[in-house]
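What follows is a short report on a single structure.
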Amino acid sequence: MIERLKQRADFLKAARARRVAMPGLVLQMRKRSDAGTPGEAPLRVGFTVTRKVGNAVVRNRAKRRLRAAVAAILPCYGLPGRDYVVIGRAGTLTRPFALLQGDLEQALARVHGQGKRKRPPDRPSTG
């Protein structure tokens, strides 16, 4: 079951937790300490799009796209007892929906510690 984040304090706590940036979105995730047993606690999700993205119409359209992507992806890849905050970016509206869903899948894998991280190439030792 997916619940919604609505309290500002929950958004602020998630902002201090793990974060992954993708071309279409930014995903923040925090493990709740008040969740109780992990299997019982529902996962919660919140959405935000800043005014830098556009006016109210543009921001609401971006949030609708993010909600649709989350509804399709998060039940399969989300973990119970976690709070997720999905932040819309300028590319949220122009990115094809399949790629937006792929961004969300990759972000979830990386925020859970299962995805590939870009590592800098090993430097040869000079000496």
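By order in the structure tokens, chains are A, B, ...; within a chain, residues start at 1; ligands start at 1, following the order shown.
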*asked:* List the spatial neighbours of Gln101 of chain A as an MDAnalysis selection string - criterion: any atom at most 8 Å away, only C-alpha atoms, same-chain residues fewer than 6 positions off excluded.
replied: chainID A and resid 69:70 73
*Got a sec to tell me which of segment 7-52 of chain A DSSP assigns to alpha helix (DSSP H), as a PyMOL selection string?*
chain A and resi 8-15
_I'd like the contact shell of Ile87 of chain A - 10 Å cut-off, only C-alpha atoms, skipping same-chain residues fewer than 5 positions apart - returned as number ranges by chain._
A: 21, 24-28, 46-50, 62-63, 66, 92
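Take atom CA of Leu108 of chain A and atom CA of Asn55 of chain A: the distance between them is 28.1 Å.
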*as a ChimeraX atom specification, list the residues of chain A assigned to strand (DSSP E) by DSSP on the backbone atoms of this structure.*
/A:2-4,18-21,25-31,43-49,82-88
For N, CA and C atoms, I'd like the residues from the last selection saved as a PDB file, in the first residue's frame.
ATOM      1  N   ILE A   2       0.544   2.197  -0.821  1.00  0.00           N
ATOM      2  CA  ILE A   2       1.308   3.437  -0.931  1.00  0.00           C
ATOM      3  C   ILE A   2       0.495   4.562  -0.302  1.00  0.00           C
ATOM      4  N   GLU A   3       1.124   5.269   0.636  1.00  0.00           N
ATOM      5  CA  GLU A   3       0.505   6.435   1.244  1.00  0.00           C
ATOM      6  C   GLU A   3       1.210   7.683   0.746  1.00  0.00           C
ATOM      7  N   ARG A   4       0.609   8.845   0.978  1.00  0.00           N
ATOM      8  CA  ARG A   4       1.176  10.110   0.517  1.00  0.00           C
ATOM      9  C   ARG A   4       1.858  10.841   1.659  1.00  0.00           C
ATOM     10  N   ARG A  18      19.221   9.878   1.640  1.00  0.00           N
ATOM     11  CA  ARG A  18      19.855   9.525   0.365  1.00  0.00           C
ATOM     12  C   ARG A  18      19.131  10.179  -0.800  1.00  0.00           C
ATOM     13  N   ARG A  19      19.923  10.549  -1.813  1.00  0.00           N
ATOM     14  CA  ARG A  19      19.383  11.270  -2.964  1.00  0.00           C
ATOM     15  C   ARG A  19      20.064  10.764  -4.232  1.00  0.00           C
ATOM     16  N   VAL A  20      19.268  10.614  -5.289  1.00  0.00           N
ATOM     17  CA  VAL A  20      19.789  10.214  -6.595  1.00  0.00           C
ATOM     18  C   VAL A  20      19.175  11.134  -7.642  1.00  0.00           C
ATOM     19  N   ALA A  21      20.018  11.717  -8.477  1.00  0.00           N
ATOM     20  CA  ALA A  21      19.547  12.606  -9.543  1.00  0.00           C
ATOM     21  C   ALA A  21      19.603  11.872 -10.875  1.00  0.00           C
ATOM     22  N   LEU A  25      14.162  13.283 -13.137  1.00  0.00           N
ATOM     23  CA  LEU A  25      13.677  13.468 -11.775  1.00  0.00           C
ATOM     24  C   LEU A  25      14.819  13.337 -10.780  1.00  0.00           C
ATOM     25  N   VAL A  26      14.533  13.735  -9.556  1.00  0.00           N
ATOM     26  CA  VAL A  26      15.435  13.504  -8.430  1.00  0.00           C
ATOM     27  C   VAL A  26      14.644  12.688  -7.423  1.00  0.00           C
ATOM     28  N   LEU A  27      15.261  11.637  -6.881  1.00  0.00           N
ATOM     29  CA  LEU A  27      14.587  10.781  -5.911  1.00  0.00           C
ATOM     30  C   LEU A  27      15.322  10.854  -4.584  1.00  0.00           C
ATOM     31  N   GLN A  28      14.569  11.104  -3.525  1.00  0.00           N
ATOM     32  CA  GLN A  28      15.107  11.078  -2.170  1.00  0.00           C
ATOM     33  C   GLN A  28      14.425   9.941  -1.429  1.00  0.00           C
ATOM     34  N   MET A  29      15.179   9.238  -0.576  1.00  0.00           N
ATOM     35  CA  MET A  29      14.604   8.123   0.167  1.00  0.00           C
ATOM     36  C   MET A  29      15.162   8.123   1.572  1.00  0.00           C
ATOM     37  N   ARG A  30      14.282   7.922   2.545  1.00  0.00           N
ATOM     38  CA  ARG A  30      14.744   7.753   3.919  1.00  0.00           C
ATOM     39  C   ARG A  30      14.008   6.587   4.539  1.00  0.00           C
ATOM     40  N   LYS A  31      14.721   5.866   5.378  1.00  0.00           N
ATOM     41  CA  LYS A  31      14.132   4.762   6.118  1.00  0.00           C
ATOM     42  C   LYS A  31      13.524   5.344   7.384  1.00  0.00           C
ATOM     43  N   LEU A  43       4.862   2.052   2.465  1.00  0.00           N
ATOM     44  CA  LEU A  43       5.786   3.050   1.933  1.00  0.00           C
ATOM     45  C   LEU A  43       4.985   4.304   1.644  1.00  0.00           C
ATOM     46  N   ARG A  44       5.664   5.441   1.770  1.00  0.00           N
ATOM     47  CA  ARG A  44       5.004   6.722   1.547  1.00  0.00           C
ATOM     48  C   ARG A  44       5.766   7.482   0.477  1.00  0.00           C
ATOM     49  N   VAL A  45       5.039   8.267  -0.293  1.00  0.00           N
ATOM     50  CA  VAL A  45       5.668   9.016  -1.376  1.00  0.00           C
ATOM     51  C   VAL A  45       5.097  10.433  -1.417  1.00  0.00           C
ATOM     52  N   GLY A  46       5.988  11.383  -1.694  1.00  0.00           N
ATOM     53  CA  GLY A  46       5.595  12.774  -1.855  1.00  0.00           C
ATOM     54  C   GLY A  46       6.157  13.309  -3.159  1.00  0.00           C
ATOM     55  N   PHE A  47       5.519  14.336  -3.672  1.00  0.00           N
ATOM     56  CA  PHE A  47       5.923  14.913  -4.952  1.00  0.00           C
ATOM     57  C   PHE A  47       6.133  16.405  -4.782  1.00  0.00           C
ATOM     58  N   THR A  48       7.134  16.926  -5.454  1.00  0.00           N
ATOM     59  CA  THR A  48       7.355  18.363  -5.453  1.00  0.00           C
ATOM     60  C   THR A  48       7.993  18.777  -6.773  1.00  0.00           C
ATOM     61  N   VAL A  49       7.577  19.927  -7.244  1.00  0.00           N
ATOM     62  CA  VAL A  49       8.148  20.526  -8.449  1.00  0.00           C
ATOM     63  C   VAL A  49       8.300  22.013  -8.149  1.00  0.00           C
ATOM     64  N   ARG A  82       9.659   2.968   4.043  1.00  0.00           N
ATOM     65  CA  ARG A  82      10.497   4.024   3.476  1.00  0.00           C
ATOM     66  C   ARG A  82       9.628   5.206   3.067  1.00  0.00           C
ATOM     67  N   ASP A  83      10.221   6.386   3.122  1.00  0.00           N
ATOM     68  CA  ASP A  83       9.611   7.592   2.578  1.00  0.00           C
ATOM     69  C   ASP A  83      10.370   7.963   1.317  1.00  0.00           C
ATOM     70  N   TYR A  84       9.651   8.185   0.239  1.00  0.00           N
ATOM     71  CA  TYR A  84      10.249   8.603  -1.024  1.00  0.00           C
ATOM     72  C   TYR A  84       9.721   9.986  -1.374  1.00  0.00           C
ATOM     73  N   VAL A  85      10.608  10.854  -1.820  1.00  0.00           N
ATOM     74  CA  VAL A  85      10.204  12.156  -2.345  1.00  0.00           C
ATOM     75  C   VAL A  85      10.705  12.224  -3.778  1.00  0.00           C
ATOM     76  N   VAL A  86       9.794  12.471  -4.704  1.00  0.00           N
ATOM     77  CA  VAL A  86      10.126  12.570  -6.121  1.00  0.00           C
ATOM     78  C   VAL A  86      10.062  14.046  -6.498  1.00  0.00           C
ATOM     79  N   ILE A  87      11.183  14.569  -6.970  1.00  0.00           N
ATOM     80  CA  ILE A  87      11.287  15.979  -7.319  1.00  0.00           C
ATOM     81  C   ILE A  87      11.337  16.098  -8.837  1.00  0.00           C
ATOM     82  N   GLY A  88      10.420  16.877  -9.372  1.00  0.00           N
ATOM     83  CA  GLY A  88      10.382  17.088 -10.811  1.00  0.00           C
ATOM     84  C   GLY A  88      11.463  18.050 -11.262  1.00  0.00           C
TER      85      GLY A  88
END
